[in-house]
Amino acid sequence: MSSFYSQTTVHCYAPQFKGQIARMTTYVDYQTFEKKELAKGNIDSTGHITFVVSEKQSQKAFIDIQDKSGTIYLDHNTPEYFVNFPYQHENVQKLSDNTVQ
């Protein structure tokens, strides 16, 4: 029996972004920072979205919602992840992207 999972599910909870589009991307090339989209969808009325990714190797990925971005390291041996985008109470406009940890 192989411990290799060809499919990884990422459950994301982002209650502040109901109805918004969320994307999961990864770098294709770290020199040019070219990205490819792994998954995309709308955050539902309860603040949830599920990404299903089929990749053959572990990789660094990004979950982007509006101007917020979270980084996740996907291990191809781990079938499921749970991610939360916390509420941001301040309404501060930044000139660059906002990173969520």
# chains A, B, ... in the order shown; residues from 1 in each chain; ligands from 1
call {"tool": "residues_around", "arguments": {"residues": "stretch 26-29 of chain A", "least_positions_apart": "2", "cutoff": "8 Å", "atoms": "only C-alpha atoms", "output": "mmCIF file with C-alpha atoms, in the first residue's frame"}}
result
data_model
loop_
_atom_site.group_PDB
_atom_site.id
_atom_site.type_symbol
_atom_site.label_atom_id
_atom_site.label_comp_id
_atom_site.auth_asym_id
_atom_site.auth_seq_id
_atom_site.Cartn_x
_atom_site.Cartn_y
_atom_site.Cartn_z
ATOM 1 C CA MET A 24 -5.174 28.590 -4.688
ATOM 2 C CA GLN A 31 12.997 33.024 -10.810
ATOM 3 C CA THR A 32 10.223 34.788 -12.718
ATOM 4 C CA PHE A 33 7.570 34.219 -9.991
ATOM 5 C CA GLU A 34 5.189 32.854 -12.623
ATOM 6 C CA LYS A 35 2.189 31.273 -10.914
ATOM 7 C CA LYS A 36 -0.332 28.646 -11.937
ATOM 8 C CA GLU A 37 -3.824 28.247 -10.542
ATOM 9 C CA LEU A 38 -4.441 24.996 -8.678
ATOM 10 C CA GLN A 59 4.704 22.265 -2.729
ATOM 11 C CA LYS A 60 4.289 25.779 -1.409
ATOM 12 C CA ALA A 61 0.865 27.186 -2.303
ATOM 13 C CA PHE A 62 -0.998 30.437 -1.755
#
call {"tool": "residues_around", "arguments": {"residues": "A:Phe82", "least_positions_apart": "3", "cutoff": "7 Å", "atoms": "only C-alpha atoms", "output": "number ranges by chain"}}
result
A: 10-12
call {"tool": "select_by_dssp", "arguments": {"residues": "stretch 1-100 of chain A", "states": "strand (DSSP E)", "output": "MDAnalysis selection string"}}
result
chainID A and resid 8:13 21:29 34:42 48:53 59:65 68:74 80:84 98:100
call {"tool": "write_last_selection", "arguments": {"atoms": "N, CA and C atoms", "output": "compact mmCIF listing (two decimals), in the first residue's frame"}}
result
# COMPACT_ATOMS: atom_id res chain seq x y z
N THR A 8 -5.38 16.23 -2.54
CA THR A 8 -5.34 16.90 -1.25
C THR A 8 -6.53 17.84 -1.17
N THR A 9 -7.23 17.82 -0.03
CA THR A 9 -8.38 18.68 0.18
C THR A 9 -8.02 19.74 1.22
N VAL A 10 -8.27 21.00 0.86
CA VAL A 10 -8.01 22.11 1.78
C VAL A 10 -9.34 22.77 2.09
N HIS A 11 -9.76 22.69 3.36
CA HIS A 11 -10.99 23.31 3.83
C HIS A 11 -10.61 24.68 4.38
N CYS A 12 -11.19 25.71 3.83
CA CYS A 12 -10.84 27.07 4.23
C CYS A 12 -12.08 27.77 4.80
N TYR A 13 -11.88 28.43 5.94
CA TYR A 13 -12.95 29.20 6.57
C TYR A 13 -12.53 30.66 6.57
N ILE A 21 -14.48 35.49 -4.43
CA ILE A 21 -13.73 34.45 -5.14
C ILE A 21 -12.41 34.22 -4.41
N ALA A 22 -12.07 32.95 -4.24
CA ALA A 22 -10.79 32.57 -3.64
C ALA A 22 -10.03 31.69 -4.63
N ARG A 23 -8.72 31.86 -4.65
CA ARG A 23 -7.87 31.10 -5.57
C ARG A 23 -6.74 30.44 -4.79
N MET A 24 -6.38 29.24 -5.20
CA MET A 24 -5.17 28.59 -4.69
C MET A 24 -4.20 28.51 -5.85
N THR A 25 -3.00 29.05 -5.64
CA THR A 25 -1.98 29.08 -6.69
C THR A 25 -0.66 28.54 -6.16
N THR A 26 0.25 28.28 -7.07
CA THR A 26 1.61 27.89 -6.71
C THR A 26 2.56 28.48 -7.75
N TYR A 27 3.82 28.55 -7.41
CA TYR A 27 4.80 29.03 -8.37
C TYR A 27 5.17 27.94 -9.36
N VAL A 28 5.23 28.31 -10.63
CA VAL A 28 5.74 27.43 -11.68
C VAL A 28 7.24 27.64 -11.78
N ASP A 29 7.66 28.90 -11.60
CA ASP A 29 9.07 29.27 -11.75
C ASP A 29 9.41 30.28 -10.65
N GLU A 34 6.38 33.23 -11.86
CA GLU A 34 5.19 32.85 -12.62
C GLU A 34 4.37 31.86 -11.80
N LYS A 35 3.07 32.13 -11.70
CA LYS A 35 2.19 31.27 -10.91
C LYS A 35 1.23 30.50 -11.81
N LYS A 36 0.75 29.37 -11.29
CA LYS A 36 -0.33 28.65 -11.94
C LYS A 36 -1.44 28.44 -10.91
N GLU A 37 -2.66 28.42 -11.40
CA GLU A 37 -3.82 28.25 -10.54
C GLU A 37 -4.07 26.76 -10.31
N LEU A 38 -4.15 26.38 -9.04
CA LEU A 38 -4.44 25.00 -8.68
C LEU A 38 -5.94 24.76 -8.51
N ALA A 39 -6.63 25.77 -7.97
CA ALA A 39 -8.07 25.66 -7.73
C ALA A 39 -8.64 27.06 -7.54
N LYS A 40 -9.96 27.16 -7.74
CA LYS A 40 -10.65 28.45 -7.63
C LYS A 40 -12.11 28.18 -7.30
N GLY A 41 -12.72 29.10 -6.56
CA GLY A 41 -14.14 28.96 -6.27
C GLY A 41 -14.66 30.13 -5.47
N ASN A 42 -15.96 30.10 -5.20
CA ASN A 42 -16.62 31.14 -4.41
C ASN A 42 -16.76 30.69 -2.96
N HIS A 48 -17.27 29.30 4.05
CA HIS A 48 -16.44 28.13 3.75
C HIS A 48 -16.18 27.97 2.25
N ILE A 49 -15.01 27.44 1.95
CA ILE A 49 -14.67 27.02 0.59
C ILE A 49 -13.75 25.80 0.72
N THR A 50 -13.88 24.88 -0.20
CA THR A 50 -13.04 23.69 -0.22
C THR A 50 -12.30 23.64 -1.54
N PHE A 51 -10.97 23.50 -1.44
CA PHE A 51 -10.13 23.33 -2.62
C PHE A 51 -9.71 21.87 -2.71
N VAL A 52 -9.78 21.29 -3.88
CA VAL A 52 -9.29 19.93 -4.11
C VAL A 52 -8.15 20.04 -5.12
N VAL A 53 -6.98 19.60 -4.70
CA VAL A 53 -5.78 19.75 -5.52
C VAL A 53 -5.19 18.36 -5.79
N GLN A 59 4.45 20.95 -2.15
CA GLN A 59 4.70 22.26 -2.73
C GLN A 59 4.19 23.38 -1.84
N LYS A 60 4.75 24.56 -2.06
CA LYS A 60 4.29 25.78 -1.41
C LYS A 60 3.13 26.31 -2.25
N ALA A 61 2.03 26.65 -1.60
CA ALA A 61 0.86 27.19 -2.30
C ALA A 61 0.38 28.44 -1.59
N PHE A 62 -0.46 29.19 -2.29
CA PHE A 62 -1.00 30.44 -1.76
C PHE A 62 -2.51 30.42 -1.89
N ILE A 63 -3.20 30.89 -0.87
CA ILE A 63 -4.64 31.09 -0.95
C ILE A 63 -4.86 32.60 -0.98
N ASP A 64 -5.42 33.06 -2.08
CA ASP A 64 -5.62 34.49 -2.28
C ASP A 64 -7.11 34.83 -2.29
N ILE A 65 -7.48 35.78 -1.43
CA ILE A 65 -8.85 36.30 -1.37
C ILE A 65 -8.73 37.81 -1.34
N LYS A 68 -5.82 39.75 0.31
CA LYS A 68 -5.23 38.94 1.38
C LYS A 68 -4.63 37.68 0.77
N SER A 69 -3.53 37.24 1.36
CA SER A 69 -2.86 36.04 0.86
C SER A 69 -2.33 35.23 2.04
N GLY A 70 -2.59 33.94 2.02
CA GLY A 70 -2.07 33.03 3.03
C GLY A 70 -1.21 31.98 2.36
N THR A 71 -0.13 31.58 3.02
CA THR A 71 0.78 30.58 2.48
C THR A 71 0.55 29.25 3.19
N ILE A 72 0.56 28.18 2.42
CA ILE A 72 0.39 26.84 2.97
C ILE A 72 1.38 25.92 2.26
N TYR A 73 1.97 25.01 2.99
CA TYR A 73 2.86 24.01 2.40
C TYR A 73 2.09 22.70 2.33
N LEU A 74 1.80 22.27 1.12
CA LEU A 74 1.01 21.06 0.90
C LEU A 74 1.94 19.86 0.78
N GLU A 80 -5.63 16.04 3.94
CA GLU A 80 -6.61 17.06 4.31
C GLU A 80 -5.98 18.14 5.19
N TYR A 81 -6.36 19.38 4.91
CA TYR A 81 -5.92 20.54 5.69
C TYR A 81 -7.12 21.40 6.06
N PHE A 82 -7.00 22.14 7.17
CA PHE A 82 -8.03 23.08 7.61
C PHE A 82 -7.35 24.43 7.84
N VAL A 83 -7.84 25.47 7.15
CA VAL A 83 -7.23 26.79 7.17
C VAL A 83 -8.28 27.82 7.58
N ASN A 84 -7.89 28.79 8.41
CA ASN A 84 -8.77 29.89 8.80
C ASN A 84 -8.16 31.22 8.38
N ASN A 98 -1.66 42.13 1.65
CA ASN A 98 -1.72 41.81 3.08
C ASN A 98 -1.55 40.32 3.24
N THR A 99 -0.69 39.91 4.13
CA THR A 99 -0.42 38.50 4.35
C THR A 99 -1.12 38.04 5.61
N VAL A 100 -1.77 36.90 5.53
CA VAL A 100 -2.45 36.30 6.66
C VAL A 100 -1.60 35.16 7.18
call {"tool": "atom_distance", "arguments": {"atom1": "atom CA of A:Ser45", "atom2": "atom CA of A:Asp75"}}
result
29.1 Å
